[in-house]
Structure formats: C-alpha cells, structure tokens
$ cat start-v6.csv   # CSV, C-alpha atoms
chain,number,residue,atom,x,y,z
A,1,MET,CA,-22.9,51.3,-56.3
A,2,LEU,CA,-25.4,52.8,-53.8
A,3,GLU,CA,-27.5,49.7,-54.1
A,4,ASP,CA,-24.5,47.5,-53.2
A,5,TRP,CA,-23.8,49.6,-50.1
A,6,LEU,CA,-27.5,49.4,-49.1
A,7,VAL,CA,-27.5,45.6,-49.4
A,8,GLU,CA,-24.3,45.4,-47.4
A,9,PHE,CA,-25.7,47.5,-44.6
A,10,LEU,CA,-28.9,45.5,-44.4
A,11,ALA,CA,-27.0,42.3,-44.3
A,12,ALA,CA,-24.7,43.6,-41.5
A,13,ILE,CA,-27.7,44.7,-39.5
A,14,GLY,CA,-29.4,41.3,-40.0
A,15,LYS,CA,-26.2,39.5,-38.7
A,16,PHE,CA,-26.0,41.9,-35.8
A,17,PHE,CA,-29.3,40.6,-34.4
A,18,ILE,CA,-28.1,37.0,-34.4
A,19,HIS,CA,-24.6,37.7,-33.0
A,20,PRO,CA,-24.0,35.4,-30.0
A,21,LEU,CA,-22.7,38.2,-27.8
A,22,LEU,CA,-26.0,40.0,-28.1
A,23,PHE,CA,-27.7,37.2,-26.2
A,24,LEU,CA,-24.8,36.1,-24.0
A,25,PHE,CA,-24.8,39.5,-22.4
A,26,VAL,CA,-28.5,39.2,-21.5
A,27,ILE,CA,-27.2,36.5,-19.1
A,28,VAL,CA,-24.2,38.6,-18.0
A,29,THR,CA,-26.2,41.7,-17.2
A,30,PHE,CA,-28.8,39.6,-15.3
A,31,LEU,CA,-26.1,38.1,-13.2
A,32,HIS,CA,-24.8,41.7,-12.5
A,33,GLY,CA,-28.3,42.7,-11.5
A,34,TYR,CA,-28.7,39.7,-9.2
A,35,SER,CA,-25.4,40.4,-7.5
A,36,ARG,CA,-26.4,44.0,-6.9
A,37,LEU,CA,-29.8,43.0,-5.6
A,38,LYS,CA,-28.2,40.7,-3.0
A,39,LYS,CA,-25.9,43.4,-1.7
A,40,GLU,CA,-28.7,46.0,-1.5
A,41,ARG,CA,-31.0,43.6,0.4
A,42,LYS,CA,-28.2,42.6,2.8
A,43,SER,CA,-27.7,46.3,3.6
A,44,PHE,CA,-31.2,47.6,3.6
A,45,HIS,CA,-33.6,44.6,3.4
A,46,THR,CA,-34.9,46.1,0.1
A,47,SER,CA,-33.6,46.7,-3.4
A,48,VAL,CA,-33.2,50.1,-5.0
A,49,GLN,CA,-33.7,49.0,-8.7
A,50,ASP,CA,-35.1,45.7,-10.0
A,51,VAL,CA,-32.9,42.9,-11.2
A,52,PHE,CA,-33.4,43.9,-14.9
A,53,GLU,CA,-32.0,47.5,-14.5
A,54,GLU,CA,-28.5,46.5,-15.7
A,55,MET,CA,-30.0,44.9,-18.8
A,56,ARG,CA,-32.1,47.9,-19.7
A,57,PHE,CA,-29.0,50.2,-19.1
A,58,THR,CA,-26.7,48.1,-21.2
A,59,TYR,CA,-28.9,47.9,-24.2
A,60,SER,CA,-29.9,51.5,-24.3
A,61,LYS,CA,-27.2,53.9,-23.2
A,62,GLY,CA,-24.5,53.1,-25.7
A,63,ILE,CA,-26.4,53.0,-29.0
A,64,LEU,CA,-25.8,56.6,-30.0
A,65,ALA,CA,-22.1,56.5,-29.2
A,66,GLY,CA,-21.8,53.3,-31.2
A,67,LEU,CA,-23.4,54.8,-34.3
A,68,ILE,CA,-21.1,57.9,-34.0
A,69,VAL,CA,-18.0,55.8,-33.7
A,70,SER,CA,-19.2,53.6,-36.7
A,71,VAL,CA,-19.5,56.7,-38.9
A,72,LEU,CA,-16.0,57.7,-38.0
A,73,PHE,CA,-14.7,54.1,-38.8
A,74,MET,CA,-16.4,54.1,-42.1
A,75,LEU,CA,-15.1,57.6,-43.1
A,76,ILE,CA,-11.5,56.6,-42.4
A,77,GLY,CA,-12.0,53.2,-43.9
A,78,LEU,CA,-10.9,51.2,-40.8
A,79,SER,CA,-10.8,47.5,-41.6
A,80,LEU,CA,-10.1,44.5,-39.4
A,81,PRO,CA,-9.7,40.9,-40.5
A,82,PHE,CA,-12.6,38.5,-39.9
A,83,GLY,CA,-10.4,36.3,-37.7
A,84,PHE,CA,-9.7,39.3,-35.4
A,85,VAL,CA,-13.4,40.0,-35.1
A,86,VAL,CA,-14.1,36.4,-34.1
A,87,LEU,CA,-11.2,36.4,-31.6
A,88,LEU,CA,-12.5,39.7,-30.1
A,89,ALA,CA,-16.0,38.1,-29.6
A,90,ILE,CA,-14.5,35.1,-27.8
A,91,VAL,CA,-12.3,37.3,-25.5
A,92,THR,CA,-15.2,39.6,-24.7
A,93,GLY,CA,-17.5,36.7,-23.9
A,94,ILE,CA,-14.9,35.2,-21.5
A,95,LEU,CA,-14.2,38.6,-19.7
A,96,GLY,CA,-17.9,39.3,-19.6
A,97,PHE,CA,-18.5,36.7,-16.9
A,98,MET,CA,-16.1,38.4,-14.5
A,99,ILE,CA,-18.2,39.9,-11.6
A,100,ASN,CA,-16.2,43.1,-12.0
A,101,ALA,CA,-17.3,44.9,-15.2
A,102,ARG,CA,-14.0,46.8,-15.4
A,103,TRP,CA,-12.5,43.9,-17.3
A,104,LEU,CA,-14.7,44.9,-20.2
A,105,SER,CA,-12.8,48.1,-20.7
A,106,PRO,CA,-11.5,48.1,-24.4
A,107,VAL,CA,-8.0,48.2,-23.0
A,108,TYR,CA,-8.5,44.6,-21.9
A,109,THR,CA,-10.8,43.2,-24.5
A,110,ILE,CA,-9.0,44.7,-27.5
A,111,GLY,CA,-5.6,44.5,-25.9
A,112,PHE,CA,-5.8,40.8,-25.0
A,113,THR,CA,-7.2,40.1,-28.5
A,114,ALA,CA,-4.2,41.8,-30.1
A,115,ILE,CA,-1.8,39.8,-27.9
A,116,LEU,CA,-3.6,36.5,-28.8
A,117,ALA,CA,-3.5,37.5,-32.4
A,118,VAL,CA,0.3,37.7,-32.3
A,119,VAL,CA,0.4,34.3,-30.5
A,120,PHE,CA,-1.8,32.6,-33.2
A,121,GLN,CA,0.3,34.2,-35.9
A,122,GLN,CA,3.3,32.5,-34.5
A,123,LEU,CA,1.6,29.2,-34.1
A,124,SER,CA,0.0,29.4,-37.6
A,125,SER,CA,-1.6,26.0,-37.2
A,126,GLY,CA,-4.0,24.7,-39.8
A,127,SER,CA,-7.0,24.6,-37.4
A,128,ALA,CA,-6.4,28.1,-36.1
A,129,ALA,CA,-5.9,29.5,-39.6
A,130,SER,CA,-9.2,28.0,-40.8
A,131,PHE,CA,-11.2,29.3,-37.8
A,132,PHE,CA,-9.6,32.7,-37.5
A,133,ILE,CA,-9.8,33.6,-41.2
A,134,ASP,CA,-7.2,36.1,-42.5
A,135,LEU,CA,-5.8,36.7,-39.0
A,136,GLU,CA,-2.3,36.7,-40.5
A,137,LYS,CA,-3.2,39.8,-42.5
A,138,ILE,CA,-3.9,41.9,-39.4
A,139,ASN,CA,-2.8,45.5,-39.5
A,140,PHE,CA,-1.7,46.4,-36.0
A,141,ALA,CA,-1.8,50.1,-36.7
A,142,ALA,CA,-5.6,49.7,-37.5
A,143,VAL,CA,-5.9,47.8,-34.2
A,144,ALA,CA,-4.2,50.7,-32.3
A,145,LEU,CA,-6.5,53.2,-34.0
A,146,PHE,CA,-9.5,51.0,-33.1
A,147,LEU,CA,-8.4,50.8,-29.5
A,148,SER,CA,-7.7,54.5,-29.1
A,149,VAL,CA,-11.0,55.7,-30.6
A,150,ILE,CA,-13.0,53.3,-28.4
A,151,MET,CA,-11.1,54.5,-25.3
A,152,ILE,CA,-12.1,58.0,-26.0
A,153,ALA,CA,-15.7,56.8,-26.5
A,154,GLU,CA,-15.4,54.9,-23.2
A,155,GLY,CA,-14.4,58.1,-21.4
A,156,ILE,CA,-17.3,60.1,-22.8
A,157,ILE,CA,-19.9,57.3,-22.1
A,158,ILE,CA,-18.6,57.0,-18.5
A,159,PHE,CA,-18.8,60.8,-18.0
A,160,ARG,CA,-22.4,61.0,-19.4
A,161,THR,CA,-24.1,57.9,-17.9
A,162,ALA,CA,-22.0,55.8,-15.4
A,163,HIS,CA,-23.1,58.0,-12.4
A,164,LEU,CA,-26.8,57.4,-13.1
A,165,LYS,CA,-28.5,55.1,-10.6
A,166,THR,CA,-25.5,53.9,-8.8
A,167,SER,CA,-26.1,51.2,-6.1
A,168,PRO,CA,-25.9,52.2,-2.4
A,169,VAL,CA,-24.5,49.6,0.1
A,170,LEU,CA,-23.4,49.6,3.7
A,171,LYS,CA,-20.1,48.4,5.0
A,172,ARG,CA,-18.1,48.5,8.2
A,173,SER,CA,-15.1,50.8,8.6
A,174,SER,CA,-11.9,49.6,10.2
A,175,ARG,CA,-13.3,51.2,13.5
A,176,GLY,CA,-16.4,49.1,13.2
A,177,LEU,CA,-18.7,52.0,12.3
A,178,SER,CA,-21.4,51.7,9.6
A,179,ILE,CA,-20.6,53.8,6.5
A,180,GLY,CA,-22.2,54.1,3.1
A,181,ASN,CA,-20.7,53.3,-0.3
A,182,HIS,CA,-21.9,53.7,-3.9
A,183,ILE,CA,-21.1,51.1,-6.5
A,184,ALA,CA,-21.2,51.6,-10.3
A,185,ASN,CA,-20.9,48.3,-12.1
A,186,ARG,CA,-21.9,49.2,-15.7
A,187,THR,CA,-21.8,47.7,-19.1
A,188,TRP,CA,-22.8,49.3,-22.5
A,189,MET,CA,-23.5,47.8,-25.8
A,190,LEU,CA,-22.2,49.7,-28.8
A,191,PRO,CA,-23.4,48.7,-32.3
A,192,LEU,CA,-20.1,49.0,-34.4
A,193,PHE,CA,-20.0,49.1,-38.2
A,194,PHE,CA,-16.6,48.6,-39.9
A,195,LEU,CA,-15.1,47.0,-43.0
A,196,VAL,CA,-13.7,43.5,-43.2
A,197,PRO,CA,-11.4,42.6,-46.1
A,198,GLY,CA,-12.9,40.0,-48.4
A,199,GLY,CA,-9.8,38.0,-49.4
A,200,SER,CA,-10.3,34.3,-48.7
A,201,LEU,CA,-13.8,35.1,-47.3
A,202,SER,CA,-15.1,35.3,-50.9
A,203,SER,CA,-14.9,31.6,-51.2
A,204,GLN,CA,-15.5,30.5,-47.6
A,205,LEU,CA,-18.5,32.9,-47.1
A,206,SER,CA,-19.8,33.1,-50.6
A,207,TRP,CA,-23.3,33.8,-49.4
A,208,TRP,CA,-22.2,37.2,-47.8
A,209,PRO,CA,-22.5,40.2,-50.2
A,210,MET,CA,-19.2,41.9,-51.0
A,211,LEU,CA,-18.2,45.4,-51.9
A,212,THR,CA,-15.4,46.2,-54.3
A,213,LEU,CA,-13.3,49.3,-53.4
A,214,ASN,CA,-10.2,50.1,-55.4
A,215,GLY,CA,-10.1,46.5,-56.8
A,216,ASP,CA,-10.3,44.9,-53.3
A,217,SER,CA,-13.3,43.0,-51.9
A,218,PHE,CA,-14.8,44.1,-48.5
A,219,MET,CA,-17.9,43.4,-46.5
A,220,ILE,CA,-19.5,45.6,-43.9
A,221,PHE,CA,-19.7,44.0,-40.4
A,222,CYS,CA,-21.8,45.2,-37.6
A,223,ILE,CA,-21.0,43.7,-34.1
A,224,PRO,CA,-22.4,44.3,-30.6
A,225,PHE,CA,-19.3,45.7,-28.9
A,226,PHE,CA,-19.5,45.7,-25.1
A,227,LEU,CA,-17.8,48.2,-22.8
A,228,GLY,CA,-17.6,47.9,-19.0
A,229,PHE,CA,-16.8,50.0,-16.0
A,230,SER,CA,-16.7,49.4,-12.3
A,231,GLN,CA,-16.0,51.8,-9.4
A,232,ARG,CA,-16.7,51.9,-5.6
A,233,ILE,CA,-17.1,55.3,-4.1
A,234,GLN,CA,-16.9,56.2,-0.4
A,235,GLY,CA,-15.0,59.5,-0.2
A,236,SER,CA,-17.2,61.7,-2.3
A,237,LEU,CA,-20.4,62.0,-4.3
A,238,PRO,CA,-20.6,59.3,-7.0
A,239,GLU,CA,-21.0,61.8,-9.8
A,240,GLU,CA,-17.9,63.7,-8.8
A,241,SER,CA,-15.7,60.6,-8.5
A,242,ILE,CA,-16.9,58.9,-11.7
A,243,LYS,CA,-16.6,62.0,-13.9
A,244,ALA,CA,-13.1,62.6,-12.7
A,245,THR,CA,-12.2,59.0,-13.7
A,246,ALA,CA,-14.0,59.5,-17.1
A,247,LYS,CA,-11.9,62.6,-17.9
A,248,ARG,CA,-8.7,60.7,-17.2
A,249,VAL,CA,-9.8,57.8,-19.4
A,250,ALA,CA,-10.7,60.1,-22.3
A,251,SER,CA,-7.4,62.0,-22.0
A,252,LEU,CA,-5.5,58.7,-22.1
A,253,GLY,CA,-7.4,57.8,-25.2
A,254,ILE,CA,-6.5,61.0,-26.9
A,255,VAL,CA,-2.8,60.5,-26.2
A,256,MET,CA,-3.0,57.0,-27.5
A,257,LEU,CA,-4.8,58.2,-30.6
A,258,ILE,CA,-1.9,60.5,-31.5
A,259,ILE,CA,0.6,57.6,-31.1
A,260,ALA,CA,-1.7,55.3,-33.0
A,261,ALA,CA,-1.8,57.7,-35.9
A,262,ALA,CA,2.0,57.8,-36.0
A,263,SER,CA,2.0,53.9,-36.1
A,264,ILE,CA,0.6,54.0,-39.6
A,265,TRP,CA,4.1,55.0,-40.7
A,266,TYR,CA,6.0,53.1,-38.0
A,267,THR,CA,4.2,49.9,-37.0
A,268,PRO,CA,6.1,49.2,-33.7
A,269,LEU,CA,4.3,52.2,-32.2
A,270,ALA,CA,1.1,50.2,-32.4
A,271,PHE,CA,2.4,47.8,-29.8
A,272,ALA,CA,3.5,50.8,-27.7
A,273,VAL,CA,-0.1,52.0,-27.8
A,274,ILE,CA,-1.4,48.6,-26.5
A,275,ILE,CA,1.1,48.4,-23.7
A,276,ALA,CA,0.8,52.0,-22.7
A,277,ALA,CA,-3.0,51.7,-22.6
A,278,PHE,CA,-2.7,48.7,-20.2
A,279,ILE,CA,-0.4,50.6,-17.9
A,280,GLY,CA,-2.3,53.9,-18.1
A,281,ARG,CA,-5.7,52.3,-17.4
A,282,GLU,CA,-4.3,50.5,-14.3
A,283,VAL,CA,-2.7,53.8,-13.1
A,284,ILE,CA,-6.1,55.5,-13.4
A,285,THR,CA,-7.8,52.8,-11.4
A,286,ILE,CA,-5.1,52.8,-8.7
A,287,LYS,CA,-5.1,56.6,-8.5
A,288,GLN,CA,-8.9,56.7,-8.0
A,289,ARG,CA,-8.8,54.1,-5.3
A,290,ILE,CA,-6.0,56.0,-3.4
A,291,ASN,CA,-7.8,59.3,-3.7
A,292,ASP,CA,-11.1,57.7,-2.5
A,293,HIS,CA,-9.5,55.9,0.5
A,294,SER,CA,-7.5,58.8,1.6
A,295,ALA,CA,-10.5,61.1,1.8
A,296,ALA,CA,-12.9,61.2,4.8
A,297,PHE,CA,-15.9,58.9,4.5
A,298,PHE,CA,-18.6,61.0,2.7
A,299,PHE,CA,-21.6,58.8,3.5
A,300,SER,CA,-21.3,58.6,7.3
A,301,LYS,CA,-23.2,59.9,10.3
A,302,ARG,CA,-23.2,63.7,10.6
A,303,ASP,CA,-23.5,65.9,13.7
A,304,LYS,CA,-26.4,67.9,12.2
A,305,GLY,CA,-29.0,66.1,10.2
A,306,LEU,CA,-29.2,62.9,8.1
A,307,LEU,CA,-27.3,62.4,4.9
A,308,ILE,CA,-29.3,60.8,2.1
A,309,LEU,CA,-27.5,57.6,0.9
A,310,GLY,CA,-30.1,56.4,-1.6
A,311,ILE,CA,-33.6,57.1,-2.9
A,312,LEU,CA,-36.1,54.4,-3.9
A,313,PRO,CA,-37.6,54.9,-7.4
A,314,GLN,CA,-41.2,56.0,-7.6
A,315,SER,CA,-41.1,57.0,-3.9
A,316,PRO,CA,-42.4,60.2,-2.2
A,317,ALA,CA,-38.7,61.2,-1.8
A,318,GLU,CA,-38.1,61.0,-5.6
A,319,LYS,CA,-41.3,63.1,-6.1
A,320,LEU,CA,-39.9,65.6,-3.6
A,321,GLN,CA,-36.8,65.8,-5.9
A,322,LEU,CA,-34.5,64.9,-3.1
A,323,LYS,CA,-31.0,63.9,-4.2
A,324,VAL,CA,-28.3,61.5,-2.9
A,325,GLY,CA,-25.8,63.5,-0.8
A,326,GLU,CA,-28.3,66.1,0.5
A,327,LEU,CA,-28.7,66.6,4.2
A,328,ILE,CA,-32.1,66.5,5.9
A,329,THR,CA,-31.9,68.7,9.1
A,330,LYS,CA,-35.6,69.1,10.0
A,331,ILE,CA,-38.8,67.3,9.4
A,332,ASN,CA,-42.1,68.9,10.3
A,333,GLY,CA,-40.1,71.6,12.2
A,334,ILE,CA,-38.3,69.0,14.4
A,335,GLN,CA,-34.5,68.7,14.4
A,336,VAL,CA,-33.4,65.2,13.4
A,337,LYS,CA,-30.0,63.5,13.8
A,338,THR,CA,-30.9,59.8,13.8
A,339,VAL,CA,-33.1,57.6,11.7
A,340,ALA,CA,-35.3,56.9,14.8
A,341,GLU,CA,-35.8,60.7,15.3
A,342,PHE,CA,-36.6,61.0,11.6
A,343,TYR,CA,-39.5,58.5,11.7
A,344,GLU,CA,-40.8,59.8,15.0
A,345,ALA,CA,-40.9,63.4,13.5
A,346,LEU,CA,-42.6,62.0,10.4
A,347,GLN,CA,-45.4,60.5,12.5
A,348,LYS,CA,-46.2,63.9,14.0
A,349,ASN,CA,-48.3,64.7,10.9
A,350,ARG,CA,-49.6,61.7,9.0
A,351,ALA,CA,-51.1,63.7,6.2
A,352,PHE,CA,-48.3,66.2,5.4
A,353,CYS,CA,-44.6,66.5,5.7
A,354,LYS,CA,-42.2,69.4,5.4
A,355,LEU,CA,-38.5,68.9,5.1
A,356,GLU,CA,-35.6,71.3,5.7
A,357,VAL,CA,-32.8,70.2,3.3
A,358,ILE,CA,-29.2,71.4,2.8
A,359,ASP,CA,-28.6,70.8,-0.9
A,360,LEU,CA,-25.4,69.8,-2.7
A,361,LYS,CA,-24.3,73.5,-2.9
A,362,GLY,CA,-24.7,73.9,0.9
A,363,GLU,CA,-27.8,76.0,0.5
A,364,ILE,CA,-31.0,75.5,2.6
A,365,ARG,CA,-34.3,74.7,0.8
A,366,PHE,CA,-37.7,73.5,1.9
A,367,GLU,CA,-39.7,70.6,0.4
A,368,GLN,CA,-43.2,69.7,1.3
A,369,ARG,CA,-45.8,67.2,0.2
A,370,ALA,CA,-49.1,65.7,1.2
A,371,LEU,CA,-48.8,62.1,2.3
A,372,TYR,CA,-51.3,59.4,1.4
A,373,ASP,CA,-52.3,56.0,2.8
A,374,GLY,CA,-49.2,53.8,3.0
A,375,GLU,CA,-46.8,56.7,2.8
A,376,HIS,CA,-46.9,58.2,6.3
A,377,HIS,CA,-44.4,55.8,7.7
A,378,GLU,CA,-41.7,56.1,5.1
A,379,LEU,CA,-40.6,58.4,2.3
A,380,GLY,CA,-38.3,55.9,0.4
A,381,ILE,CA,-35.0,57.3,1.7
A,382,LEU,CA,-32.0,55.2,2.6
A,383,PHE,CA,-29.7,56.4,5.4
A,384,VAL,CA,-26.6,55.1,7.0
A,385,ALA,CA,-28.0,53.0,9.9
A,386,ASP,CA,-27.8,54.2,13.5
A,387,GLU,CA,-25.1,52.6,15.6
A,388,LYS,CA,-26.8,51.0,18.6
A,389,LYS,CA,-25.0,51.2,21.9
A,390,TRP,CA,-25.0,47.4,22.4
A,391,GLU,CA,-23.5,46.8,18.9
A,392,THR,CA,-20.7,49.2,19.6
A,393,GLU,CA,-19.9,47.6,23.0
A,394,THR,CA,-20.0,44.1,21.4
A,395,ASN,CA,-17.6,45.2,18.7
A,396,LEU,CA,-15.2,46.6,21.4
A,397,VAL,CA,-15.4,43.4,23.4
A,398,GLU,CA,-14.7,41.3,20.2
A,399,MET,CA,-11.7,43.6,19.3
A,400,GLN,CA,-10.3,43.3,22.9
A,401,HIS,CA,-10.7,39.5,22.8
A,402,SER,CA,-9.0,39.3,19.5
A,403,ASN,CA,-6.1,41.4,20.7
A,404,GLU,CA,-5.7,39.1,23.8
A,405,GLN,CA,-5.5,36.1,21.6
A,406,VAL,CA,-2.8,37.7,19.4
A,407,LEU,CA,-0.8,38.6,22.6
$ encode --input "start-v6.csv" --output "structure tokens"
Amino acid sequence: MLEDWLVEFLAAIGKFFIHPLLFLFVIVTFLHGYSRLKKERKSFHTSVQDVFEEMRFTYSKGILAGLIVSVLFMLIGLSLPFGFVVLLAIVTGILGFMINARWLSPVYTIGFTAILAVVFQQLSSGSAASFFIDLEKINFAAVALFLSVIMIAEGIIIFRTAHLKTSPVLKRSSRGLSIGNHIANRTWMLPLFFLVPGGSLSSQLSWWPMLTLNGDSFMIFCIPFFLGFSQRIQGSLPEESIKATAKRVASLGIVMLIIAAASIWYTPLAFAVIIAAFIGREVITIKQRINDHSAAFFFSKRDKGLLILGILPQSPAEKLQLKVGELITKINGIQVKTVAEFYEALQKNRAFCKLEVIDLKGEIRFEQRALYDGEHHELGILFVADEKKWETETNLVEMQHSNEQVL
C-alpha cells in the first residue's frame, strides 16, 4: 500500500512539472514585470526592481502555503473530478492575462469554474463530456470547501508577503500636485495535491497509476494553482493597508468555511458560499478603495523634511537601513525640505554623509556612512518630485482655459 502511494506521489510530481500553467505564467509574470518597469521609468527615469522580480516572487513565495494546504486536503480526502481540474486550468489561464492580478483571486478562478461546470452539466454535449471527464460527478460541497480553504490561505499569504517590494509610482492629484503611490500587483504559485476519482479515467488514462480506497479508484493530482492580488495605496503605508485587506480576506474565508462545512449535509449552501464569496470579496475591494481615497495623501510633500517614497536595491540607502515612509530632516547637519536641497547638502561632504531621520514610530535616529566613488551624488532614494513654479503656473493657466471653454 505504501509503495502504491509513493508511486502516485512521484507520478503527480512529474506531471506537475509539465503542466501548461507552470510555463504560461512565466509569460504572465514577465508581462506584469514589464508593465511595472514602464510605470517606474515614467515616474523616476529608472526602475526599482528588474523585469524578472515578479517571476521570482511568484515561483517562490507560495510553495510552503501550497504544501500545507495540500496536507490538509489529503487528510480530509478532498477530491475533485478530472474535468473540473481541466476547466479550472483553462479559466486560470484566461484570467491570468488580465493586467490586474486581482482576477486571480480564488473567488474568481474557482467561482467562475464552478459556474461553468453547472453550465456544461446542463449542456451535457458529447464533445464537452469527453473533454471534461467526469464533470457531471462534481460534488459542489467539495468545491465550496476547496474555495474556502484557499481563501484563508490567500489572506495569510497576502498578509505575509504582498507588502514586500511594492512598486512606487508618481501621479497627479486633482489639484495638479505630484503625489506618490505604491502598487502591489502580485501572483503566487501554490503546488496543490488532492485526489481525483478514477471512474472512467481508468480506461481513458490507463497509463496513470491508481489507488484503491474503500473499493473506489483514485489518483493523486498535483497542479500549479495561481493566486493573485492587486492594490494601489496612496493614503497610508503599503504594509498597513495591505495587511488590513489580508485580515478581511482571511476572515471572509473562515466564515465561508463554516457554511461550506454545513453544505456537506445541505448542498444548496455550497452555491451560497460561491455567491457570498463573490460579493464579500468585492465589498472588501471597494471598502479598501474608499478608505484609501478618503485619507489624506501619505506620500506627498511635507513641511519638514523629505518623505522616502522608494529605495533602490543594493544602494547606499538600503545599506543605511532606510525604510519607505521615513522622513529625512537633515543631511550633513543641513535642514532639507526639497530634493534640490537634499542633493546640495549631500555634496557638502563627498566622502561621508550623516542623516537625521524620523522613523515610522515618529522617533528621531541618526544614520551615517562613508561614501565611495560614484555614490557621492546619490543614495538610491526616490522622493516625490519638487513642484516647479513654472509647472504650477502652467497647470493653473490650462485649468482656467479649460473652464473658459466649458463656459
């Protein structure tokens, strides 16, 4: 028996590495990285991370969560028909090419797959039945449990990793002022193991090893399941806003799990889980946007000091352990309020710099470091750009001209 399980697991792992989604999302994550790169260069004429950052993030940050969820699925004996797994891969692949990664939330990938499964069941055409094998045998209570558990995992993953290396960009406020935003457009790959009932697969996929449990044939499947999350932050620190959203998502998942467990005895509750998950996830997104837009701009010019909007990797600023959201008030003993003043003060001593910084707790600390060739003119810090007088006047003239045309 142990030998059969081992063979099954090895076969599942082998198929995992040739799954189309595994390679399709190499393209998807590259496109996300390229889109981010263009926005950063438009704002700062440089990029914060290279174009492959999204790819590295996607294929490393979700592995542990996927294995933990897989153990849970195997312990409770969660099984999904082969046809549902194929349909889920197709839906995920289509949604993956949306620029906004939020469409890869399990609410949408699993939810849309469940809706399509119902539609295909009603059609029950010969071609669909042969392609989506055993789809008519789907247990929607199992789908509801699958969705709920993945939603909880989504909340935890967002909480732990989505705030890391967010992308800073500049935009114009309604008053024409330059303000900073941070964008988190993240995807994660989770390796998921679960059981697929054998049934008709025994004849159609005779080459795949099967397990026999209580007289029924099963095979172990391992798929690359992709999660997505996207959020723009302008009214607070990225970590604060993202973690607040993560807690709401995990809480929604826990509520859905309770209802999904009840659907084992009353199947219609499974559809209630799918619908409520759709609505709840949209409410969370809308609430976050309202809260963010109602707050004062966090990354904007300050009366005292310069607020750090971003830090370039491997730069002197990173080695000085400066953080996004901290306020630089003095450099080399000189008070600074503009970017021009910052660089002028930096030039006062080409071999050494000393910074007075107000940290995220509002406490003052000092950082100092020797500067080497090529470092004296910059530290690798991104600020909100200074508003030039002529730019402000031009914006006012354009606004007045626009108002005259309207009148």
$ residues_around --input "start-v6.csv" --residues "range 78-91 of chain A" --least-positions-apart "3" --cutoff "7 Å" --atoms "all atoms listed in the file" --output "list in words"
Leu21, Phe73, Met74, Ile94, Leu95, Thr109, Ile110, Thr113, Phe132, Ile133, Asp134, Leu135, Lys137, Ile138, Ala142, Phe194, Leu195, Val196 and Pro197 of chain A
$ closest_residue --input "start-v6.csv" --among "A:Cys353, A:Met55, A:Leu327, A:Leu116" --to "Leu31 in chain A" --atoms "all atoms listed in the file"
A:Met55
$ closest_residue --input "start-v6.csv" --among "A:Leu64, A:Val336, A:Ala162, A:Leu320" --to "Ile381 in chain A" --atoms "all atoms listed in the file"
A:Leu320
$ residues_around --input "start-v6.csv" --residues "Val324 in chain A" --least-positions-apart "2" --cutoff "12 Å" --atoms "only C-alpha atoms" --output "VMD selection string"
chain A and resid 163 to 168 180 to 182 236 to 239 298 to 299 306 to 312 317 to 318 321 to 322 326 to 328 357 to 360 380 to 384
$ atom_distance --input "start-v6.csv" --atom1 "CA of Asn185 in chain A" --atom2 "CA of Ser230 in chain A"
4.3 Å
$ atom_distance --input "start-v6.csv" --atom1 "CA of Asn139 in chain A" --atom2 "CA of Arg281 in chain A"
23.3 Å
$ closest_residue --input "start-v6.csv" --among "A:Ala261, A:Ile157, A:Ala385, A:Leu10" --to "Met189 in chain A" --atoms "all atoms listed in the file"
A:Ile157
$ closest_residue --input "start-v6.csv" --among "A:Phe23, A:Phe140, A:Phe112, A:Phe30" --to "Phe271 in chain A" --atoms "all atoms listed in the file"
A:Phe140
$ closest_residue --input "start-v6.csv" --among "A:Cys222, A:Ala141, A:Ala260, A:Ala345" --to "Ile13 in chain A" --atoms "only C-alpha atoms"
A:Cys222
$ closest_residue --input "start-v6.csv" --among "A:Gln121, A:Thr245, A:Ser47, A:Gln347" --to "Phe159 in chain A" --atoms "only C-alpha atoms"
A:Thr245
$ atom_distance --input "start-v6.csv" --atom1 "CA of Thr187 in chain A" --atom2 "CA of Ile279 in chain A"
21.6 Å
